[in-house]
$ cat entry-v8.pdb   # PDB, C-alpha atoms
MODEL        1
ATOM      1  CA  MET A   1      19.833 -15.922   6.002  1.00  0.00           C
ATOM      2  CA  SER A   2      17.902 -13.199   4.187  1.00  0.00           C
ATOM      3  CA  VAL A   3      15.208 -10.669   5.051  1.00  0.00           C
ATOM      4  CA  ASN A   4      12.501  -9.112   2.894  1.00  0.00           C
ATOM      5  CA  LYS A   5      10.728  -6.527   5.067  1.00  0.00           C
ATOM      6  CA  VAL A   6       9.235  -3.163   4.162  1.00  0.00           C
ATOM      7  CA  ILE A   7       7.862  -0.465   6.467  1.00  0.00           C
ATOM      8  CA  LEU A   8       6.019   2.472   4.901  1.00  0.00           C
ATOM      9  CA  LEU A   9       4.212   5.455   6.396  1.00  0.00           C
ATOM     10  CA  GLY A  10       2.334   7.446   3.797  1.00  0.00           C
ATOM     11  CA  TYR A  11      -0.922   8.716   2.373  1.00  0.00           C
ATOM     12  CA  VAL A  12      -3.454   6.717   0.343  1.00  0.00           C
ATOM     13  CA  GLY A  13      -3.698   7.930  -3.268  1.00  0.00           C
ATOM     14  CA  LYS A  14      -7.189   6.597  -4.083  1.00  0.00           C
ATOM     15  CA  ASP A  15      -9.888   4.440  -2.541  1.00  0.00           C
ATOM     16  CA  PRO A  16      -9.052   0.700  -2.464  1.00  0.00           C
ATOM     17  CA  GLU A  17      -9.703  -1.439  -5.522  1.00  0.00           C
ATOM     18  CA  VAL A  18     -11.216  -4.692  -4.191  1.00  0.00           C
ATOM     19  CA  LYS A  19     -11.874  -8.010  -5.904  1.00  0.00           C
ATOM     20  CA  GLU A  20     -13.474 -11.106  -4.426  1.00  0.00           C
ATOM     21  CA  PHE A  21     -12.516 -14.692  -5.203  1.00  0.00           C
ATOM     22  CA  GLU A  22     -13.503 -18.103  -3.883  1.00  0.00           C
ATOM     23  CA  THR A  23     -10.540 -17.929  -1.497  1.00  0.00           C
ATOM     24  CA  GLY A  24     -11.417 -14.439  -0.206  1.00  0.00           C
ATOM     25  CA  LYS A  25     -10.895 -10.777  -0.988  1.00  0.00           C
ATOM     26  CA  VAL A  26      -7.842  -8.936  -2.245  1.00  0.00           C
ATOM     27  CA  ALA A  27      -7.443  -5.145  -2.203  1.00  0.00           C
ATOM     28  CA  LYS A  28      -4.989  -2.922  -4.022  1.00  0.00           C
ATOM     29  CA  ILE A  29      -4.073   0.545  -2.772  1.00  0.00           C
ATOM     30  CA  THR A  30      -1.367   3.017  -3.644  1.00  0.00           C
ATOM     31  CA  ILE A  31       0.351   5.135  -1.038  1.00  0.00           C
ATOM     32  CA  ALA A  32       2.676   8.094  -1.389  1.00  0.00           C
ATOM     33  CA  THR A  33       5.735   8.693   0.743  1.00  0.00           C
ATOM     34  CA  THR A  34       7.598  11.994   0.557  1.00  0.00           C
ATOM     35  CA  GLU A  35      11.181  12.842   1.473  1.00  0.00           C
ATOM     36  CA  LYS A  36      11.447  16.500   2.414  1.00  0.00           C
ATOM     37  CA  GLY A  37      13.571  18.724   0.217  1.00  0.00           C
ATOM     38  CA  TYR A  38      16.620  20.547   1.513  1.00  0.00           C
ATOM     39  CA  LYS A  39      19.135  23.225   0.651  1.00  0.00           C
ATOM     40  CA  LEU A  40      22.740  22.409  -0.228  1.00  0.00           C
ATOM     41  CA  LYS A  41      25.641  24.459   1.151  1.00  0.00           C
ATOM     42  CA  SER A  42      25.981  25.919  -2.335  1.00  0.00           C
ATOM     43  CA  GLY A  43      22.472  27.337  -1.970  1.00  0.00           C
ATOM     44  CA  LYS A  44      20.924  24.964  -4.497  1.00  0.00           C
ATOM     45  CA  GLU A  45      17.441  23.765  -3.480  1.00  0.00           C
ATOM     46  CA  VAL A  46      16.682  20.055  -3.701  1.00  0.00           C
ATOM     47  CA  PRO A  47      12.871  19.649  -3.969  1.00  0.00           C
ATOM     48  CA  ASP A  48      10.657  17.194  -2.089  1.00  0.00           C
ATOM     49  CA  ARG A  49      10.681  13.713  -3.632  1.00  0.00           C
ATOM     50  CA  THR A  50       7.472  11.679  -3.652  1.00  0.00           C
ATOM     51  CA  GLU A  51       7.439   7.938  -4.344  1.00  0.00           C
ATOM     52  CA  TRP A  52       4.286   5.928  -5.073  1.00  0.00           C
ATOM     53  CA  HIS A  53       3.991   2.361  -3.761  1.00  0.00           C
ATOM     54  CA  ASN A  54       1.587  -0.377  -4.885  1.00  0.00           C
ATOM     55  CA  ILE A  55       0.217  -2.274  -1.877  1.00  0.00           C
ATOM     56  CA  MET A  56      -1.622  -5.626  -1.994  1.00  0.00           C
ATOM     57  CA  LEU A  57      -3.822  -6.630   0.965  1.00  0.00           C
ATOM     58  CA  TRP A  58      -5.300 -10.119   1.333  1.00  0.00           C
ATOM     59  CA  GLY A  59      -8.119 -11.625   3.404  1.00  0.00           C
ATOM     60  CA  GLY A  60      -8.907  -9.710   6.587  1.00  0.00           C
ATOM     61  CA  LEU A  61      -6.649  -6.828   5.599  1.00  0.00           C
ATOM     62  CA  ALA A  62      -8.528  -6.498   2.292  1.00  0.00           C
ATOM     63  CA  GLU A  63     -11.872  -6.472   4.098  1.00  0.00           C
ATOM     64  CA  THR A  64     -10.635  -3.810   6.534  1.00  0.00           C
ATOM     65  CA  ALA A  65      -9.263  -1.693   3.691  1.00  0.00           C
ATOM     66  CA  GLU A  66     -12.547  -1.975   1.794  1.00  0.00           C
ATOM     67  CA  LYS A  67     -14.526  -0.738   4.805  1.00  0.00           C
ATOM     68  CA  TYR A  68     -12.255   1.893   6.317  1.00  0.00           C
ATOM     69  CA  VAL A  69      -9.384   3.006   4.072  1.00  0.00           C
ATOM     70  CA  LYS A  70     -10.098   6.132   2.020  1.00  0.00           C
ATOM     71  CA  LYS A  71      -8.152   8.424  -0.291  1.00  0.00           C
ATOM     72  CA  GLY A  72      -6.002  10.892   1.672  1.00  0.00           C
ATOM     73  CA  MET A  73      -5.840   8.753   4.832  1.00  0.00           C
ATOM     74  CA  GLN A  74      -2.460   8.251   6.471  1.00  0.00           C
ATOM     75  CA  VAL A  75      -1.509   4.581   6.854  1.00  0.00           C
ATOM     76  CA  TYR A  76       1.351   2.525   8.237  1.00  0.00           C
ATOM     77  CA  ILE A  77       2.146  -0.619   6.238  1.00  0.00           C
ATOM     78  CA  GLU A  78       4.462  -3.525   6.975  1.00  0.00           C
ATOM     79  CA  GLY A  79       5.053  -6.256   4.439  1.00  0.00           C
ATOM     80  CA  LYS A  80       7.423  -7.694   1.868  1.00  0.00           C
ATOM     81  CA  ILE A  81       8.496  -6.604  -1.610  1.00  0.00           C
ATOM     82  CA  GLN A  82       7.375  -8.803  -4.460  1.00  0.00           C
ATOM     83  CA  ASN A  83       8.091  -8.459  -8.173  1.00  0.00           C
ATOM     84  CA  ARG A  84       5.855 -10.066 -10.755  1.00  0.00           C
ATOM     85  CA  SER A  85       5.210 -10.005 -14.477  1.00  0.00           C
ATOM     86  CA  TRP A  86       2.355 -10.868 -16.822  1.00  0.00           C
ATOM     87  CA  ALA A  87       1.618 -10.800 -20.521  1.00  0.00           C
ATOM     88  CA  ASP A  88      -1.306  -8.758 -21.815  1.00  0.00           C
ATOM     89  CA  LYS A  89      -3.637  -9.712 -24.696  1.00  0.00           C
ATOM     90  CA  GLU A  90      -1.103  -8.433 -27.239  1.00  0.00           C
ATOM     91  CA  GLY A  91       1.639 -10.590 -25.699  1.00  0.00           C
ATOM     92  CA  ILE A  92       3.510  -7.629 -24.191  1.00  0.00           C
ATOM     93  CA  THR A  93       5.156  -8.475 -20.880  1.00  0.00           C
ATOM     94  CA  HIS A  94       4.557  -6.019 -18.029  1.00  0.00           C
ATOM     95  CA  TYR A  95       6.493  -5.843 -14.764  1.00  0.00           C
ATOM     96  CA  ILE A  96       5.443  -4.467 -11.382  1.00  0.00           C
ATOM     97  CA  THR A  97       6.949  -4.168  -7.921  1.00  0.00           C
ATOM     98  CA  GLU A  98       4.471  -4.379  -5.039  1.00  0.00           C
ATOM     99  CA  VAL A  99       4.393  -4.553  -1.284  1.00  0.00           C
ATOM    100  CA  VAL A 100       2.382  -7.521  -0.004  1.00  0.00           C
ATOM    101  CA  ALA A 101       1.102  -6.194   3.328  1.00  0.00           C
ATOM    102  CA  SER A 102       1.138  -8.210   6.532  1.00  0.00           C
ATOM    103  CA  ASP A 103       0.165  -5.279   8.788  1.00  0.00           C
ATOM    104  CA  LEU A 104      -2.022  -2.227   8.232  1.00  0.00           C
ATOM    105  CA  GLN A 105      -2.504   0.610  10.692  1.00  0.00           C
ATOM    106  CA  MET A 106      -4.842   3.467   9.901  1.00  0.00           C
ATOM    107  CA  LEU A 107      -3.582   6.699  11.418  1.00  0.00           C
ATOM    108  CA  GLY A 108      -5.032  10.125  11.992  1.00  0.00           C
ATOM    109  CA  LYS A 109      -8.385  11.434  13.102  1.00  0.00           C
ATOM    110  CA  ARG A 110     -11.639   9.529  12.788  1.00  0.00           C
ATOM    111  CA  GLU A 111     -13.835  10.703   9.949  1.00  0.00           C
ATOM    112  CA  ASP A 112     -17.109   9.230  11.198  1.00  0.00           C
ATOM    113  CA  GLY A 113     -17.537  11.912  13.865  1.00  0.00           C
ATOM    114  CA  ALA A 114     -18.292   9.279  16.501  1.00  0.00           C
ATOM    115  CA  LYS A 115     -15.491  10.367  18.773  1.00  0.00           C
ATOM    116  CA  ALA A 116     -13.041  13.234  18.809  1.00  0.00           C
ATOM    117  CA  GLY A 117      -9.365  12.443  18.975  1.00  0.00           C
ATOM    118  CA  ASN A 118      -6.936  10.229  17.159  1.00  0.00           C
ATOM    119  CA  GLN A 119      -7.521   6.759  15.833  1.00  0.00           C
ATOM    120  CA  SER A 120      -5.001   4.018  15.268  1.00  0.00           C
ATOM    121  CA  THR A 121      -6.225   0.620  14.167  1.00  0.00           C
ATOM    122  CA  SER A 122      -3.855  -2.269  13.591  1.00  0.00           C
ATOM    123  CA  ILE A 123      -4.613  -5.520  11.823  1.00  0.00           C
ATOM    124  CA  ASN A 124      -2.191  -8.404  11.269  1.00  0.00           C
ATOM    125  CA  THR A 125      -2.774 -11.342   8.961  1.00  0.00           C
ATOM    126  CA  LYS A 126      -0.778 -14.159   7.494  1.00  0.00           C
ATOM    127  CA  VAL A 127      -0.117 -13.680   3.811  1.00  0.00           C
ATOM    128  CA  ILE A 128      -0.720 -16.547   1.414  1.00  0.00           C
ATOM    129  CA  ASP A 129       1.270 -16.448  -1.810  1.00  0.00           C
ATOM    130  CA  ASN A 130      -1.247 -16.376  -4.665  1.00  0.00           C
ATOM    131  CA  ASP A 131      -1.405 -15.111  -8.188  1.00  0.00           C
ATOM    132  CA  PHE A 132      -2.356 -11.454  -8.101  1.00  0.00           C
ATOM    133  CA  PRO A 133      -5.536 -10.514  -9.961  1.00  0.00           C
ATOM    134  CA  PHE A 134      -4.491  -6.908 -10.635  1.00  0.00           C
TER
ENDMDL
END
$ encode --input "entry-v8.pdb" --output "structure tokens"
Amino acid sequence: MSVNKVILLGYVGKDPEVKEFETGKVAKITIATTEKGYKLKSGKEVPDRTEWHNIMLWGGLAETAEKYVKKGMQVYIEGKIQNRSWADKEGITHYITEVVASDLQMLGKREDGAKAGNQSTSINTKVIDNDFPF
């Protein structure tokens, strides 16, 4: 038995990049997660450490991201890690590690001003393994 599951809670780095295909939409976002710094017993300060994560959203999740996800928004993501590679026009092979999302929850306050208070929206979809267009 094996498990490939990722849970991330972080902030969106830029507005979603969305592409549409015959089979539906796909969106790419990046989110940042930060581990707080600390002080060692010796007095040495260890600074905050921020990691950036590439997130792929398919179908309904891509459509939701396109409409509602914005730079700076806090999101909760569940999914699986996937590594892929491709060759560019010069024949150079590139590698990337991504999270293919199966759940997206938008956290924080609403920005549309329609209602005061907190908003949490959750969307689940089945992920279909496809070639990534990004």
$ resolve_selection --input "entry-v8.pdb" --expression "the PyMOL selection byres ((chain A and resi 34) around 8)" --output "VMD selection string"
chain A and resid 10 32 to 33 35 to 36 48 to 51
$ resolve_selection --input "entry-v8.pdb" --expression "the PyMOL selection byres ((chain A and resi 63) around 12)" --output "MDAnalysis selection string"
chainID A and resid 16:20 24:28 56:62 64:69 104 123 125
$ closest_atom_pairs --input "entry-v8.pdb" --of "stretch 7-30 of chain A" --to "stretch 77-97 of chain A" --cutoff "7 Å" --atoms "only C-alpha atoms" --output "Markdown table"
| residue | atom | partner | partner_atom | distance |
| --- | --- | --- | --- | --- |
| A:Ile7 | CA | A:Glu78 | CA | 4.6 |
| A:Leu8 | CA | A:Ile77 | CA | 5.1 |
| A:Leu9 | CA | A:Ile77 | CA | 6.4 |
$ atom_distance --input "entry-v8.pdb" --atom1 "atom CA of A:Lys70" --atom2 "atom CA of A:Tyr11"
9.5 Å
$ atom_distance --input "entry-v8.pdb" --atom1 "atom CA of A:Gln74" --atom2 "atom CA of A:Val3"
25.9 Å
$ closest_residue --input "entry-v8.pdb" --among "A:Phe21, A:Leu40, A:Val12, A:Tyr76" --to "A:Trp52" --atoms "only C-alpha atoms"
A:Val12
$ atom_distance --input "entry-v8.pdb" --atom1 "atom CA of A:Val99" --atom2 "atom CA of A:Gly13"
15.0 Å
$ closest_residue --input "entry-v8.pdb" --among "A:Gly43, A:Val75, A:Ile31, A:Lys5" --to "A:Met106" --atoms "all atoms listed in the file"
A:Val75
$ closest_residue --input "entry-v8.pdb" --among "A:Ser102, A:Ile55, A:Leu107, A:Thr30" --to "A:Lys14" --atoms "all atoms listed in the file"
A:Thr30
